[in-house]
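What follows is work-v9.txt (compact mmCIF, C-alpha atoms).
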# COMPACT_ATOMS: atom_id res chain seq x y z
CA MET A 15 -19.02 46.88 294.54
CA ASN A 16 -20.76 43.80 293.20
CA PHE A 17 -23.63 44.47 290.77
CA GLU A 18 -24.90 40.96 291.25
CA GLU A 19 -25.17 41.52 294.99
CA ILE A 20 -27.07 44.74 294.43
CA LEU A 21 -29.45 43.00 292.09
CA ALA A 22 -29.90 40.10 294.47
CA HIS A 23 -30.56 42.51 297.32
CA HIS A 24 -33.14 44.52 295.41
CA LEU A 25 -34.88 41.89 293.35
CA LEU A 26 -34.74 38.57 295.16
CA ASP A 27 -36.92 37.36 297.98
CA HIS A 28 -35.53 37.28 301.50
CA VAL A 29 -36.91 34.98 304.13
CA TYR A 30 -37.64 36.78 307.38
CA PHE A 31 -38.55 33.63 309.30
CA PRO A 32 -39.76 30.18 308.22
CA LEU A 33 -43.15 29.00 309.41
CA PHE A 34 -43.14 25.44 308.26
CA THR A 35 -40.58 23.19 306.59
CA LYS A 36 -40.99 19.70 305.21
CA GLY A 37 -38.57 18.22 302.72
CA GLY A 38 -37.91 20.83 300.04
CA PHE A 39 -41.05 22.78 300.90
CA THR A 40 -40.68 25.84 303.07
CA LEU A 41 -43.50 28.13 303.97
CA ALA A 42 -41.94 31.32 305.21
CA VAL A 43 -42.74 34.91 305.94
CA SER A 44 -40.55 36.64 303.40
CA LYS A 45 -40.02 40.03 301.87
CA HIS A 46 -42.17 39.21 298.86
CA SER A 47 -44.97 37.53 300.78
CA VAL A 48 -45.20 40.50 303.14
CA THR A 49 -45.14 42.89 300.19
CA MET A 50 -47.98 40.94 298.61
CA TRP A 51 -50.01 41.17 301.79
CA VAL A 52 -49.37 44.88 302.06
CA VAL A 53 -50.49 45.36 298.46
CA ALA A 54 -53.53 43.16 299.08
CA VAL A 55 -54.54 45.10 302.20
CA LEU A 56 -54.03 48.41 300.41
CA LEU A 57 -56.13 47.16 297.50
CA VAL A 58 -58.96 46.06 299.78
CA LEU A 59 -58.89 49.44 301.55
CA ALA A 60 -58.58 51.54 298.39
CA LEU A 61 -61.11 49.63 296.33
CA SER A 62 -63.71 49.25 299.05
CA ALA A 63 -63.31 53.01 299.65
CA ALA A 64 -63.94 53.49 295.93
CA ALA A 65 -67.07 51.36 296.15
CA ARG A 66 -68.34 53.55 299.00
CA GLY A 67 -67.37 56.89 297.41
CA ARG A 68 -70.43 59.15 297.30
CA ALA A 69 -69.17 62.75 297.23
CA GLY A 70 -66.06 64.89 296.86
CA ALA A 71 -62.73 63.09 296.62
CA GLY A 72 -64.43 59.75 297.30
CA LEU A 73 -66.65 60.20 294.26
CA LEU A 74 -63.65 61.22 292.15
CA TRP A 75 -61.78 58.10 293.25
CA ARG A 76 -64.84 55.96 292.62
CA THR A 77 -65.24 57.43 289.12
CA ALA A 78 -61.59 56.69 288.31
CA ILE A 79 -61.86 53.10 289.52
CA GLU A 80 -65.20 52.67 287.77
CA ALA A 81 -63.64 53.72 284.48
CA ILE A 82 -61.09 50.89 284.79
CA VAL A 83 -63.71 48.43 286.01
CA LEU A 84 -65.96 49.26 283.05
CA TYR A 85 -63.01 48.94 280.68
CA VAL A 86 -62.15 45.50 282.04
CA ARG A 87 -65.80 44.48 281.90
CA ASP A 88 -66.62 45.82 278.43
CA TYR A 89 -63.34 45.23 276.57
CA ILE A 90 -61.77 42.21 278.26
CA VAL A 91 -64.39 40.04 279.96
CA ALA A 92 -67.65 40.73 278.10
CA PRO A 93 -66.37 40.01 274.56
CA VAL A 94 -65.10 36.62 275.74
CA PHE A 95 -67.79 35.49 278.18
CA GLY A 96 -70.88 37.37 277.07
CA ARG A 97 -73.71 36.63 279.45
CA ASP A 98 -71.46 34.67 281.85
CA SER A 99 -69.36 37.80 282.43
CA GLU A 100 -70.83 38.49 285.84
CA ALA A 101 -69.50 35.26 287.34
CA TYR A 102 -65.98 35.81 286.02
CA LEU A 103 -65.76 39.56 286.51
CA PRO A 104 -64.57 39.59 290.17
CA TYR A 105 -61.71 37.21 289.31
CA PHE A 106 -60.51 39.25 286.36
CA LEU A 107 -60.91 42.60 288.09
CA THR A 108 -58.94 41.31 291.06
CA LEU A 109 -56.30 39.83 288.76
CA PHE A 110 -55.89 43.15 286.96
CA PHE A 111 -55.73 45.25 290.10
CA PHE A 112 -53.50 42.80 291.97
CA ILE A 113 -50.92 42.70 289.17
CA LEU A 114 -51.18 46.46 288.65
CA GLY A 115 -50.85 47.06 292.39
CA CYS A 116 -47.81 44.80 292.70
CA ASN A 117 -46.19 46.33 289.60
CA LEU A 118 -46.72 49.89 290.83
CA TRP A 119 -45.69 49.07 294.39
CA GLY A 120 -42.46 47.63 293.00
CA LEU A 121 -41.68 50.99 291.41
CA LEU A 122 -41.71 52.76 294.78
CA PRO A 123 -38.21 53.46 296.12
CA GLY A 124 -37.24 50.86 298.68
CA ALA A 125 -40.19 48.60 297.90
CA SER A 126 -39.70 45.22 296.30
CA ALA A 127 -41.24 44.12 293.04
CA VAL A 128 -43.11 40.90 293.71
CA THR A 129 -44.10 40.51 290.07
CA GLY A 130 -40.38 40.53 289.31
CA ASN A 131 -40.21 37.18 291.12
CA VAL A 132 -40.76 34.37 288.65
CA TRP A 133 -42.41 32.16 291.28
CA VAL A 134 -45.05 34.77 292.04
CA THR A 135 -45.90 35.12 288.36
CA ALA A 136 -45.77 31.33 288.07
CA ALA A 137 -48.34 31.08 290.83
CA LEU A 138 -50.56 33.59 289.04
CA ALA A 139 -50.16 31.65 285.79
CA LEU A 140 -51.02 28.49 287.71
CA SER A 141 -54.20 30.18 288.89
CA THR A 142 -55.00 30.93 285.26
CA PHE A 143 -54.28 27.30 284.36
CA GLY A 144 -56.60 26.21 287.15
CA LEU A 145 -59.31 28.64 286.03
CA ILE A 146 -59.05 27.49 282.39
CA ASN A 147 -59.64 23.88 283.42
CA LEU A 148 -62.22 24.68 286.09
CA ALA A 149 -64.24 26.82 283.70
CA GLY A 150 -64.08 24.17 280.98
CA ILE A 151 -64.96 21.32 283.33
CA SER A 152 -67.80 23.21 285.01
CA LYS A 153 -69.27 24.04 281.62
CA PHE A 154 -68.83 20.75 279.75
CA GLY A 155 -67.85 18.15 282.35
CA LEU A 156 -64.45 16.51 282.80
CA ALA A 157 -64.46 14.21 279.76
CA ALA A 158 -65.92 16.73 277.33
CA HIS A 159 -63.52 19.44 278.50
CA PHE A 160 -60.48 17.34 277.68
CA LYS A 161 -62.10 16.10 274.48
CA HIS A 162 -62.40 19.74 273.41
CA LEU A 163 -58.62 20.15 273.71
CA VAL A 164 -58.39 18.85 270.16
CA PRO A 165 -60.71 20.61 267.75
CA GLY A 166 -63.58 18.47 266.49
CA GLY A 167 -64.45 17.73 262.87
CA LEU A 168 -61.05 16.37 261.87
CA PRO A 169 -61.16 14.07 258.82
CA TRP A 170 -60.75 10.41 259.74
CA ILE A 171 -57.98 8.68 257.81
CA TRP A 172 -57.73 5.09 258.98
CA TRP A 173 -53.96 4.72 258.74
CA LEU A 174 -53.11 8.21 260.01
CA SER A 175 -55.75 9.32 262.49
CA PRO A 176 -55.14 6.71 265.23
CA LEU A 177 -51.55 7.95 265.36
CA LEU A 178 -52.24 11.61 264.81
CA ILE A 179 -55.06 12.25 267.27
CA PRO A 180 -53.17 11.13 270.39
CA LEU A 181 -50.27 13.22 269.13
CA LEU A 182 -52.61 16.19 268.79
CA TYR A 183 -53.71 15.71 272.40
CA VAL A 184 -50.10 15.78 273.50
CA ILE A 185 -49.44 18.89 271.43
CA GLU A 186 -52.52 20.67 272.71
CA LEU A 187 -51.69 19.78 276.32
CA ILE A 188 -48.19 21.14 275.83
CA GLY A 189 -49.75 24.21 274.19
CA LEU A 190 -52.03 24.73 277.17
CA CYS A 191 -49.08 24.58 279.54
CA ALA A 192 -46.95 26.73 277.21
CA LYS A 193 -49.60 29.46 277.24
CA CYS A 194 -49.43 29.59 281.02
CA VAL A 195 -45.65 29.44 281.10
CA ALA A 196 -45.58 32.28 278.57
CA LEU A 197 -47.91 34.29 280.81
CA CYS A 198 -45.61 33.69 283.75
CA ILE A 199 -42.39 34.53 281.87
CA ARG A 200 -43.83 37.60 280.13
CA LEU A 201 -44.90 39.34 283.32
CA PHE A 202 -41.78 38.33 285.25
CA ALA A 203 -39.37 39.31 282.47
CA ASN A 204 -40.95 42.70 281.86
CA ILE A 205 -40.94 43.74 285.49
CA PHE A 206 -37.61 42.15 286.34
CA SER A 207 -35.81 43.62 283.34
CA GLY A 208 -37.21 47.06 284.06
CA HIS A 209 -35.69 46.97 287.52
CA VAL A 210 -32.42 45.51 286.31
CA VAL A 211 -32.04 48.23 283.69
CA SER A 212 -32.89 50.97 286.23
CA LEU A 213 -30.36 49.57 288.67
CA ALA A 214 -27.77 49.15 285.91
CA PHE A 215 -28.04 52.82 284.98
CA LEU A 216 -27.73 53.87 288.59
CA CYS A 217 -24.75 51.52 289.13
CA MET A 218 -23.00 53.20 286.19
CA ILE A 219 -22.34 56.10 288.54
CA PHE A 220 -20.38 53.86 290.89
CA VAL A 221 -18.67 52.00 288.04
CA PHE A 222 -17.44 55.31 286.62
CA ALA A 223 -16.57 56.58 290.11
CA GLN A 224 -13.89 53.86 290.13
CA PHE A 225 -12.01 56.11 287.68
CA GLY A 226 -12.31 59.04 290.02
CA ARG A 227 -14.95 60.85 292.01
CA ALA A 228 -15.25 63.57 289.34
CA VAL A 229 -15.95 61.07 286.56
CA GLY A 230 -18.67 59.48 288.69
CA LEU A 231 -20.24 62.88 289.33
CA ALA A 232 -20.03 63.78 285.65
CA VAL A 233 -21.79 60.59 284.65
CA SER A 234 -24.48 60.81 287.32
CA PRO A 235 -26.88 63.28 285.58
CA ALA A 236 -27.00 61.06 282.50
CA ALA A 237 -27.33 57.93 284.61
CA ILE A 238 -30.10 59.37 286.77
CA GLY A 239 -31.85 60.72 283.69
CA LEU A 240 -31.75 57.34 282.01
CA ALA A 241 -32.90 55.60 285.20
CA LEU A 242 -35.79 58.06 285.44
CA PHE A 243 -36.66 57.43 281.81
CA VAL A 244 -36.70 53.69 282.41
CA GLY A 245 -38.75 54.30 285.56
CA ALA A 246 -41.30 56.23 283.50
CA LEU A 247 -41.31 53.42 280.97
CA ASP A 248 -41.86 50.97 283.81
CA LEU A 249 -44.97 52.88 284.83
CA LEU A 250 -46.32 52.21 281.37
CA VAL A 251 -45.13 48.61 281.47
CA ALA A 252 -46.80 48.11 284.86
CA LEU A 253 -50.16 49.04 283.33
CA ILE A 254 -49.65 47.25 280.02
CA GLN A 255 -48.50 43.99 281.62
CA ALA A 256 -51.43 43.97 284.02
CA TYR A 257 -53.73 44.49 281.02
CA ILE A 258 -52.03 41.82 278.91
CA PHE A 259 -52.02 39.22 281.68
CA THR A 260 -55.72 39.83 282.32
CA LEU A 261 -56.62 39.91 278.64
CA LEU A 262 -54.73 36.71 277.80
CA THR A 263 -56.17 34.92 280.82
CA ALA A 264 -59.64 35.93 279.59
CA VAL A 265 -58.84 34.72 276.07
CA PHE A 266 -57.47 31.38 277.29
CA VAL A 267 -60.40 30.76 279.61
CA GLY A 268 -62.71 31.84 276.80
CA MET A 269 -61.15 29.24 274.51
CA ALA A 270 -61.91 26.58 277.10
CA VAL A 271 -65.49 27.80 277.55
CA HIS A 272 -66.19 28.27 273.83
CA PRO A 273 -64.15 25.52 272.17
CA HIS A 274 -65.40 26.23 268.64
CA MET B 11 -28.50 34.98 291.58
CA ASP B 12 -29.11 31.22 291.51
CA LYS B 13 -31.93 31.87 293.88
CA LEU B 14 -33.80 33.59 291.06
CA VAL B 15 -34.61 30.26 289.45
CA THR B 16 -34.65 28.09 292.55
CA PRO B 17 -38.24 26.88 292.90
CA ASP B 18 -40.03 28.50 295.81
CA PRO B 19 -43.25 26.52 296.31
CA GLY B 20 -43.87 28.28 299.62
CA LEU B 21 -44.03 31.66 297.94
CA MET B 22 -46.18 30.18 295.18
CA LEU B 23 -48.59 28.90 297.78
CA TRP B 24 -48.63 32.29 299.50
CA THR B 25 -49.27 33.98 296.18
CA ILE B 26 -52.18 31.72 295.30
CA VAL B 27 -53.67 31.96 298.78
CA THR B 28 -53.22 35.73 298.89
CA PHE B 29 -54.64 36.15 295.43
CA LEU B 30 -57.69 33.94 296.01
CA ALA B 31 -58.33 35.59 299.39
CA LEU B 32 -58.09 38.94 297.65
CA VAL B 33 -60.60 37.78 295.04
CA ALA B 34 -63.02 36.82 297.83
CA LEU B 35 -62.43 40.00 299.85
CA LEU B 36 -62.71 42.36 296.91
CA LYS B 37 -65.77 40.56 295.64
CA ARG B 38 -67.37 41.09 299.02
CA PHE B 39 -66.23 44.65 299.73
CA ALA B 40 -65.48 46.27 296.38
CA TRP B 41 -66.71 44.58 293.24
CA GLY B 42 -70.05 43.55 294.68
CA PRO B 43 -71.21 47.05 295.70
CA LEU B 44 -69.48 48.72 292.75
CA LEU B 45 -70.90 46.38 290.09
CA THR B 46 -74.34 46.47 291.69
CA ALA B 47 -74.27 50.26 291.63
CA ILE B 48 -73.09 50.24 288.01
CA ALA B 49 -75.80 47.75 287.05
CA GLU B 50 -78.45 49.83 288.80
CA ARG B 51 -77.23 52.99 287.13
CA GLU B 52 -77.17 51.31 283.73
CA ALA B 53 -80.66 49.91 284.30
CA ARG B 54 -81.84 53.36 285.31
CA LEU B 55 -80.23 54.92 282.24
CA ARG B 56 -81.78 52.25 280.04
CA ALA B 57 -85.18 52.85 281.63
CA GLU B 58 -84.80 56.61 281.25
CA GLY B 59 -83.74 56.14 277.66
CA ALA B 60 -86.73 53.91 277.02
CA ALA B 61 -89.04 56.41 278.73
CA ALA B 62 -87.58 59.27 276.71
CA GLN B 63 -88.01 57.25 273.54
CA LYS B 64 -91.60 56.49 274.50
CA ALA B 65 -92.28 60.16 275.20
CA ARG B 66 -90.70 61.08 271.88
CA ASP B 67 -92.85 58.51 270.08
CA GLU B 68 -95.95 59.80 271.87
CA ALA B 69 -95.11 63.39 270.94
CA GLU B 70 -94.58 62.31 267.35
CA ARG B 71 -97.91 60.51 267.36
CA ILE B 72 -99.72 63.55 268.78
CA LYS B 73 -98.03 65.79 266.25
CA ASN B 74 -99.14 63.55 263.41
CA GLU B 75 -102.64 63.40 264.80
CA LEU B 76 -102.79 67.19 265.12
CA SER B 77 -101.54 67.74 261.60
CA THR B 78 -104.14 65.25 260.32
CA GLN B 79 -106.83 67.09 262.23
CA LEU B 80 -105.57 70.42 260.93
CA ALA B 81 -105.68 69.13 257.36
CA GLU B 82 -109.21 67.84 257.94
CA ALA B 83 -110.31 71.16 259.44
CA GLN B 84 -108.82 73.02 256.51
CA ALA B 85 -110.58 70.74 254.05
CA ARG B 86 -113.85 71.21 255.92
CA ARG B 87 -113.44 74.99 256.00
CA GLN B 88 -112.75 75.02 252.28
CA GLU B 89 -115.84 72.93 251.71
CA VAL B 90 -117.99 75.26 253.82
CA LEU B 91 -116.61 78.29 252.00
CA ASP B 92 -117.28 76.71 248.63
CA ARG B 93 -120.82 75.83 249.63
CA ALA B 94 -121.44 79.32 251.02
CA ALA B 95 -120.19 80.87 247.78
CA LYS B 96 -122.43 78.59 245.75
CA ASP B 97 -125.43 79.28 248.00
CA GLY B 98 -124.72 82.99 247.79
CA GLU B 99 -124.71 82.85 244.01
CA ALA B 100 -127.96 80.92 244.00
CA VAL B 101 -129.63 83.41 246.35
CA LEU B 102 -128.35 86.29 244.28
CA ALA B 103 -129.74 84.75 241.11
CA GLN B 104 -133.07 84.14 242.83
CA PHE B 105 -133.22 87.74 244.10
CA LYS B 106 -132.33 89.02 240.67
CA ALA B 107 -135.08 86.97 239.05
CA ALA B 108 -137.59 88.11 241.68
CA ALA B 109 -136.60 91.75 241.21
CA GLU B 110 -136.92 91.47 237.45
CA GLU B 111 -140.34 89.85 237.81
CA GLU B 112 -141.44 92.63 240.19
CA THR B 113 -140.22 95.29 237.83
CA ARG B 114 -142.05 93.70 234.92
CA ARG B 115 -145.24 93.39 236.97
CA LEU B 116 -145.06 97.01 238.13
CA ARG B 117 -144.48 98.22 234.60
CA GLU B 118 -147.50 96.30 233.32
CA LYS B 119 -149.66 97.51 236.19
CA THR B 120 -148.61 101.10 235.60
CA ALA B 121 -149.31 100.80 231.89
CA ALA B 122 -152.80 99.38 232.60
CA GLU B 123 -153.57 102.18 235.06
CA LEU B 124 -152.33 104.77 232.63
CA GLY B 125 -154.62 103.31 229.92
CA ARG B 126 -157.65 103.37 232.23
CA GLU B 127 -156.87 106.94 233.30
CA LYS B 128 -156.56 108.00 229.67
CA ASP B 129 -159.98 106.50 228.83
CA ARG B 130 -161.53 108.22 231.84
CA LEU B 131 -159.95 111.53 230.87
CA VAL B 132 -161.18 111.17 227.29
CA VAL B 133 -164.76 110.57 228.46
CA GLU B 134 -164.55 113.50 230.82
CA LEU B 135 -163.07 115.73 228.18
CA ARG B 136 -165.84 114.82 225.75
CA ARG B 137 -168.42 115.54 228.34
CA GLU B 138 -166.82 118.87 229.07
CA VAL B 139 -166.63 119.69 225.37
CA ALA B 140 -170.31 118.68 224.96
CA ASP B 141 -171.31 120.86 227.90
CA LEU B 142 -169.39 123.75 226.47
CA SER B 143 -170.94 123.18 223.03
CA VAL B 144 -174.41 122.98 224.56
CA ALA B 145 -173.78 126.12 226.54
CA ALA B 146 -172.68 127.88 223.35
CA ALA B 147 -175.65 126.60 221.37
CA GLU B 148 -177.96 127.51 224.19
CA ARG B 149 -176.69 130.99 224.19
CA LEU B 150 -177.27 131.17 220.49
CA LEU B 151 -180.78 129.70 220.53
CA ARG B 152 -181.94 130.74 223.98
CA ARG B 153 -185.17 132.34 223.17
CA SER B 154 -186.34 130.41 220.18
CA VAL B 155 -186.12 126.90 221.45
CA ASP B 156 -188.61 125.17 223.64
CA PRO B 157 -187.17 123.58 226.78
CA GLY B 158 -188.65 120.13 225.76
CA VAL B 159 -187.11 120.34 222.30
CA GLU B 160 -183.94 121.55 223.88
CA LYS B 161 -183.77 118.44 226.00
CA ALA B 162 -184.40 116.11 223.07
CA VAL B 163 -181.86 117.85 220.89
CA LEU B 164 -179.30 117.76 223.67
CA ASP B 165 -179.75 114.06 224.27
CA GLU B 166 -179.33 113.31 220.58
CA PHE B 167 -176.34 115.52 220.44
CA LEU B 168 -174.81 113.73 223.42
CA LYS B 169 -175.50 110.36 221.85
CA ASP B 170 -173.83 111.48 218.70
CA ILE B 171 -170.86 112.61 220.62
CA GLU B 172 -170.87 109.28 222.46
CA ARG B 173 -171.00 107.40 219.17
CA GLY B 174 -168.40 109.61 217.70
CA GLY B 175 -166.14 108.99 220.72
CA ARG B 176 -166.60 105.28 220.32
CA ARG B 177 -165.78 105.43 216.66
CA GLN B 178 -162.58 107.24 217.28

Would you mind writing the file out in structure tokens?
Amino acid sequence: MNFEEILAHHLLDHVYFPLFTKGGFTLAVSKHSVTMWVVAVLLVLALSAAARGRAGAGLLWRTAIEAIVLYVRDYIVAPVFGRDSEAYLPYFLTLFFFILGCNLWGLLPGASAVTGNVWVTAALALSTFGLINLAGISKFGLAAHFKHLVPGGLPWIWWLSPLLIPLLYVIELIGLCAKCVALCIRLFANIFSGHVVSLAFLCMIFVFAQFGRAVGLAVSPAAIGLALFVGALDLLVALIQAYIFTLLTAVFVGMAVHPH
Amino acid sequence: MDKLVTPDPGLMLWTIVTFLALVALLKRFAWGPLLTAIAEREARLRAEGAAAQKARDEAERIKNELSTQLAEAQARRQEVLDRAAKDGEAVLAQFKAAAEEETRRLREKTAAELGREKDRLVVELRREVADLSVAAAERLLRRSVDPGVEKAVLDEFLKDIERGGRRQ
């Protein structure tokens, strides 16, 4: 039994059928894209049901969702954007629930973890990158937005500044990209590693079964227990990573909107 | 596992498209109604809070007003009581003075009447005594005295008595 194959089967994307191919670019219906759509449809259904909840279970569901919505509004978006919160709130709420939905869906047996695919998280980080620049440009204009990359009020030293300021721009640009790359890697690594560890514990049963069926059986309670423990941890990680991704996106966009 | 790090721009595109479509859909069907309802509820709560605060302020104002009025009423009552006590004392003093005056007047009047009565009694007594004396003398002198002389003697006698009474 090949652990790498198991991992590849469980964690990697599988193309069902390509839609469009040109050069290195392939647009395909794949396991992860379908999973994303399923999560998206479920989110639309569940959250619009929450918005309509008036009595009984619907009201309970609405109250639960409202608690999260208010948390995102009051503790993530409002401190950063203040009065502009309303415009940004749908983006951040969707970001939080989309990542949370994908993370939780990935924990279901047999489902695939789309946020454990680095290109999905990269796309989300790219959205953040786009939002940072869009927000900055729409608030200050193109030139002023990029001028704000380097903090103002630096002392002017005639022999140093002409060299240093372009260097600062380069550094800040790299920093901007690094923030987004870090967002991408953080979410991917947390979700991916959770699944790898779970699978590794479960595969221990089969590794030990190589020594004999009895050894495999003897190891299995410990292995399943550990896998369950990691699964429980992953539940926590699913929530925390959704929160962190949303919070950091808000902070980064906030830095672009309030440069000082 | 090479595929893990092989760029997949197609999936990235799907992700961005799915995510942005989800933003639009949820904004339309979930966040819009939910946030509107939350905003309405918060506005209502704020309004209710403001109304409650206003009512509390009004109650406080009325309470203060009432306690001011109560204090005023108490002060006024005290004033009225004080004035009534003072007036009462004045009236009492007046009555007392009037009563004393009346008593004094009555005493004087009584004394004057008593004096007049005494004088009258004295005159009457003298007259009685004179009559008795005359009657006694008459009895003694009945036959020897002439009625004209008798009259003259009696008049003189009475005058004497009169003079004597005055001298006393």

Inset, instruction - Would you mind reading off the distance between CA of Ala149 (chain A) and CA of Thr46 (chain B), one decimal, in Å? - result: 23.5 Å

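When all atoms listed in the file are used to measure the gap to His159 (chain A), the shortest distance among A:Val43, A:Val48, A:Ile238, A:Met269 belongs to A:Met269.
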
Legend entry - Between CA of Thr49 (chain A) and CA of Val128 (chain A), distance in Å (one decimal): 7.1 Å

Using all atoms listed in the file, find each residue of chain A with at least one atom at most 9 Å away from an atom of chain B; report its shortest atom-to-atom pair and that distance in Å (one decimal), sort the rows by chain and rising residue number, and return the result as a tab-separated table.
residue	atom	partner	partner_atom	distance
A:Glu18	CA	B:Met11	CA	7.0
A:Glu19	CA	B:Met11	CA	8.1
A:Leu21	CA	B:Met11	CA	8.1
A:Ala22	CA	B:Met11	CA	6.0
A:Leu25	CA	B:Leu14	CA	8.7
A:Leu26	CA	B:Leu14	CA	6.5
A:Asp27	CA	B:Leu14	CA	8.5
A:Gly38	CA	B:Pro19	CA	8.6
A:Phe39	CA	B:Gly20	CA	6.3
A:Thr40	CA	B:Gly20	CA	5.3
A:Leu41	CA	B:Gly20	CA	4.4
A:Ala42	CA	B:Gly20	CA	6.6
A:Val43	CA	B:Leu21	CA	8.7
A:Ser44	CA	B:Leu21	CA	8.2
A:His46	CA	B:Leu21	CA	7.8
A:Ser47	CA	B:Trp24	CA	6.5
A:Met50	CA	B:Thr28	CA	7.4
A:Trp51	CA	B:Thr28	CA	7.0
A:Ala54	CA	B:Leu32	CA	6.4
A:Val55	CA	B:Leu32	CA	8.4
A:Leu57	CA	B:Leu36	CA	8.2
A:Val58	CA	B:Leu36	CA	6.0
A:Leu59	CA	B:Phe39	CA	9.0
A:Ala60	CA	B:Ala40	CA	8.9
A:Leu61	CA	B:Ala40	CA	5.5
A:Ser62	CA	B:Ala40	CA	4.4
A:Ala63	CA	B:Ala40	CA	7.8
A:Ala64	CA	B:Ala40	CA	7.4
A:Ala65	CA	B:Leu44	CA	4.9
A:Arg66	CA	B:Pro43	CA	7.8
A:Arg76	CA	B:Leu44	CA	8.6
A:Glu80	CA	B:Leu44	CA	7.7
A:Val83	CA	B:Leu45	CA	8.5
A:Leu84	CA	B:Ile48	CA	8.7
A:Glu100	CA	B:Leu45	CA	9.0
A:Leu103	CA	B:Trp41	CA	8.4
A:Pro104	CA	B:Lys37	CA	5.7
A:Tyr105	CA	B:Val33	CA	5.9
A:Phe106	CA	B:Val33	CA	8.8
A:Leu107	CA	B:Trp41	CA	8.0
A:Thr108	CA	B:Val33	CA	5.6
A:Leu109	CA	B:Phe29	CA	7.8
A:Phe112	CA	B:Phe29	CA	7.6
A:Asn131	CA	B:Leu14	CA	7.3
A:Val132	CA	B:Leu14	CA	7.4
A:Trp133	CA	B:Met22	CA	5.8
A:Val134	CA	B:Met22	CA	5.7
A:Thr135	CA	B:Met22	CA	8.4
A:Ala136	CA	B:Met22	CA	7.2
A:Ala137	CA	B:Met22	CA	4.9
A:Leu138	CA	B:Ile26	CA	6.7
A:Leu140	CA	B:Ile26	CA	8.3
A:Ser141	CA	B:Ile26	CA	6.9

Inset, instruction - Using only C-alpha atoms, determine which residues lie at most 9 Å from Phe266 (chain A), disregarding the query and same-chain residues fewer than 3 positions distant; provide the list as a ChimeraX atom specification. - result: /A:142-143,146,190,193,261-263,269-271

Inset, instruction - Could you please determine the separation between CA of Asn204 (chain A) and CA of Ser126 (chain A) in Å, to one decimal place? - result: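 So the two atoms, CA of Asn204 (chain A) and CA of Ser126 (chain A), lie 14.7 Å apart.
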
Legend entry - Which residue of A:Ala139, A:Leu247, A:Leu145, A:Leu187 approaches Phe160 (chain A) most closely, using all atoms listed in the file: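 Ranking A:Ala139, A:Leu247, A:Leu145, A:Leu187 by distance to Phe160 (chain A), first place goes to A:Leu187.
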
Inset, instruction - Counting only C-alpha atoms, figure out which residue out of A:Ala71, A:Ile179, A:Ala92, A:Ala196 gets nearest to Ile258 (chain A). - result: A:Ala196

Just need the box for region 112-125 of chain A, edges along x, y and z, holding every atom the file lists for it with 3 Å tacked onto each side, so centre and edge lengths in Å to one decimal, as lines of an AutoDock Vina configuration file.
center_x = -45.4
center_y = 48.1
center_z = 293.7
size_x = 22.3
size_y = 16.8
size_z = 16.0

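Nearest to Ala125 (chain A) of all the residues A:Ala69, A:Lys45, A:Trp172, A:Ile151 is A:Lys45, counting only C-alpha atoms.
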
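Residue nearest Gly120 (chain A) within the list A:Val195, A:Ile205, A:Ala264, A:Ala101: A:Ile205 [criterion: smallest interatomic distance, all atoms listed in the file].
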